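Asker: One structure, as structure tokens, below. Some questions next.
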Amino acid sequence: MVLDNIDIVLVEPRGPGNVGSTARALKNFGMSRLVVVNGPRLNHPQATAMAVKAGDLLRSARTTEALPEAIADATFVIATTAKRRYRLPTLRPREAGERIVEQAARGRVAILFGREDHGLDDAELRLAHETIAIETAPGCRALNISQAVLLIAYEVWLAAGSRGAVADSDPGRLITADMRHRLESELLDTLKDVGIMHDGNDIACEQSIQRLMTLGPMQTRDSRVLFALARRIRELMRSMDHPDR
């Protein structure tokens, strides 16, 4: 089932009741993978009280201290945001549900939900390929985390039921978030070695590479070409600096 390939990631939730309510929302719509980053203890009485008939999800939830660890094996990352981001494609929940199911048929998907008071920061959003914005009435824009999870989980559940659980064709293996991070580092090191990246433009170069890496899920065979290219360029640069070697 594609739903088994989807991780719901809560980033630094403060309220144990929200974590319990999230577990219940996932159980309502056939999802079972919950990841909590630097959050409250999952056996807190408020969490267990709110996780009606979903105590097993709390007990099986994965906990991490940092977001990169939580999404290390994800091939597609999508983040929720209160406003549209001009550097990332921003989808409505119905569109996002279909996109998530499509990508879950190819690999592991991570859906990121931010803190109760200010959501995800810019650095965390840069880890995502796309974002989801939930439109609300102007007079009350704030959504409780578990409410947002419920809404997205419902759309994913509908999309999974209508589209099925199998990809139409074999797309090849996709790189994980951890592999993407290593490729970004390799490319940035190469830009430094050839003199393209320097103190005056280092931030702009980092942002450009990050945008390229989040244009869409990348196949491992394509990443191998980029890894090989970067390493070959660095080898040539070293041989030019030390021609006697």
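By order of appearance in the structure tokens: chains A, B, ..., then residues from 1 within every chain, and ligands from 1 in the order shown.
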What's around A:Gly114 at 8 Å? Count only C-alpha atoms, leave out sequence neighbours fewer than 4 positions away in its own chain, and write the answer as a list of chain:residue names.
Answerer: A:Leu10, A:Val11, A:Glu12, A:Pro13, A:Thr80, A:Thr81, A:His118, A:Gly119, A:Leu120, A:Ile145
Asker: For A:Ala128, please output as JSON, numbers by chain all residues within 9 Å (counting only C-alpha atoms; exclusion window: fewer than 2 positions along the same chain).
Answerer: {"A": [76, 77, 78, 79, 88, 110, 111, 112, 124, 125, 126, 130, 131, 214]}
Asker: When DSSP works through the backbone of this structure, what residues of stretch 32-235 of chain A end up as helix (DSSP H, G or I), shown as JSON, numbers by chain?
Answerer: {"A": [45, 46, 47, 48, 49, 50, 55, 56, 57, 58, 59, 60, 67, 68, 69, 70, 93, 94, 95, 96, 97, 98, 99, 100, 101, 102, 103, 104, 122, 123, 124, 125, 145, 146, 147, 148, 149, 150, 151, 152, 153, 154, 155, 156, 157, 158, 159, 160, 161, 162, 163, 177, 178, 179, 180, 181, 182, 183, 184, 185, 186, 187, 188, 189, 190, 191, 192, 193, 202, 203, 204, 205, 206, 207, 208, 209, 210, 211, 212, 213, 220, 221, 222, 223, 224, 225, 226, 227, 228, 229, 230, 231, 232, 233, 234, 235]}
Asker: Go through stretch 125-210 of chain A and collect every residue that DSSP, computed from the backbone, puts in strand (DSSP E or B); the answer should be as an NGL selection string.
Answerer: :A and (130-133 or 174)
Asker: Restricting it to C-alpha atoms, dump the selection as a short mmCIF file (atom, residue, chain, number, x, y, z; two decimals), in the first residue's frame.
Answerer:
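Full text of result35.cif as output:
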data_model
loop_
_atom_site.label_atom_id
_atom_site.label_comp_id
_atom_site.auth_asym_id
_atom_site.auth_seq_id
_atom_site.Cartn_x
_atom_site.Cartn_y
_atom_site.Cartn_z
CA GLU A 130 7.30 21.22 -2.72
CA THR A 131 4.97 22.81 -0.16
CA ILE A 132 1.31 22.60 0.80
CA ALA A 133 -0.68 25.69 1.75
CA LEU A 174 15.17 7.65 -6.32
#
Asker: Name all residues at most 9 Å from stretch 34-39 of chain A (count only C-alpha atoms; drop same-chain ones fewer than 6 positions away) and give them as an NGL selection string.
Answerer: :A and (6-16 or 19 or 22-23 or 26 or 57-58 or 60-67 or 69-70)
Asker: Write out, as a tab-separated table, each residue of stretch 70-152 of chain A that has an atom at most 8 Å from stretch 177-181 of chain A, together with the closest pair of atoms and their distance in Å to one decimal, counting only C-alpha atoms, rows going by chain and rising number.
Answerer:
residue	atom	partner	partner_atom	distance
A:Ile71	CA	A:Ala177	CA	6.2
A:Ala72	CA	A:Asp178	CA	4.5
A:Asp73	CA	A:Ala177	CA	6.0
A:Ala74	CA	A:Ala177	CA	5.5
A:Thr75	CA	A:Ala177	CA	6.0
A:Phe76	CA	A:Ala177	CA	7.6
A:Val77	CA	A:Ala177	CA	7.9
A:Leu127	CA	A:Ala177	CA	7.9
Asker: Could you write out that same residue set with C-alpha atoms as a PDB file, in the first residue's frame?
Answerer:
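And here's out_24.pdb as it stands now:
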ATOM      1  CA  ILE A  71      13.825  12.410   6.535  1.00  0.00           C
ATOM      2  CA  ALA A  72      17.131  10.734   5.699  1.00  0.00           C
ATOM      3  CA  ASP A  73      15.517   7.872   3.746  1.00  0.00           C
ATOM      4  CA  ALA A  74      12.793   9.961   2.078  1.00  0.00           C
ATOM      5  CA  THR A  75      12.880  10.298  -1.710  1.00  0.00           C
ATOM      6  CA  PHE A  76      10.249  13.051  -1.777  1.00  0.00           C
ATOM      7  CA  VAL A  77       9.716  15.699   0.917  1.00  0.00           C
ATOM      8  CA  LEU A 127      14.697  20.554   2.560  1.00  0.00           C
TER       9      LEU A 127
END
Asker: Give me, as number ranges by chain, all polymer residues having an atom no more than 8 Å from stretch 199-212 of chain A, counting only C-alpha atoms and skipping those fewer than 2 positions away in the same chain.
Answerer: A: 87, 126, 184, 187-188, 197, 214-215
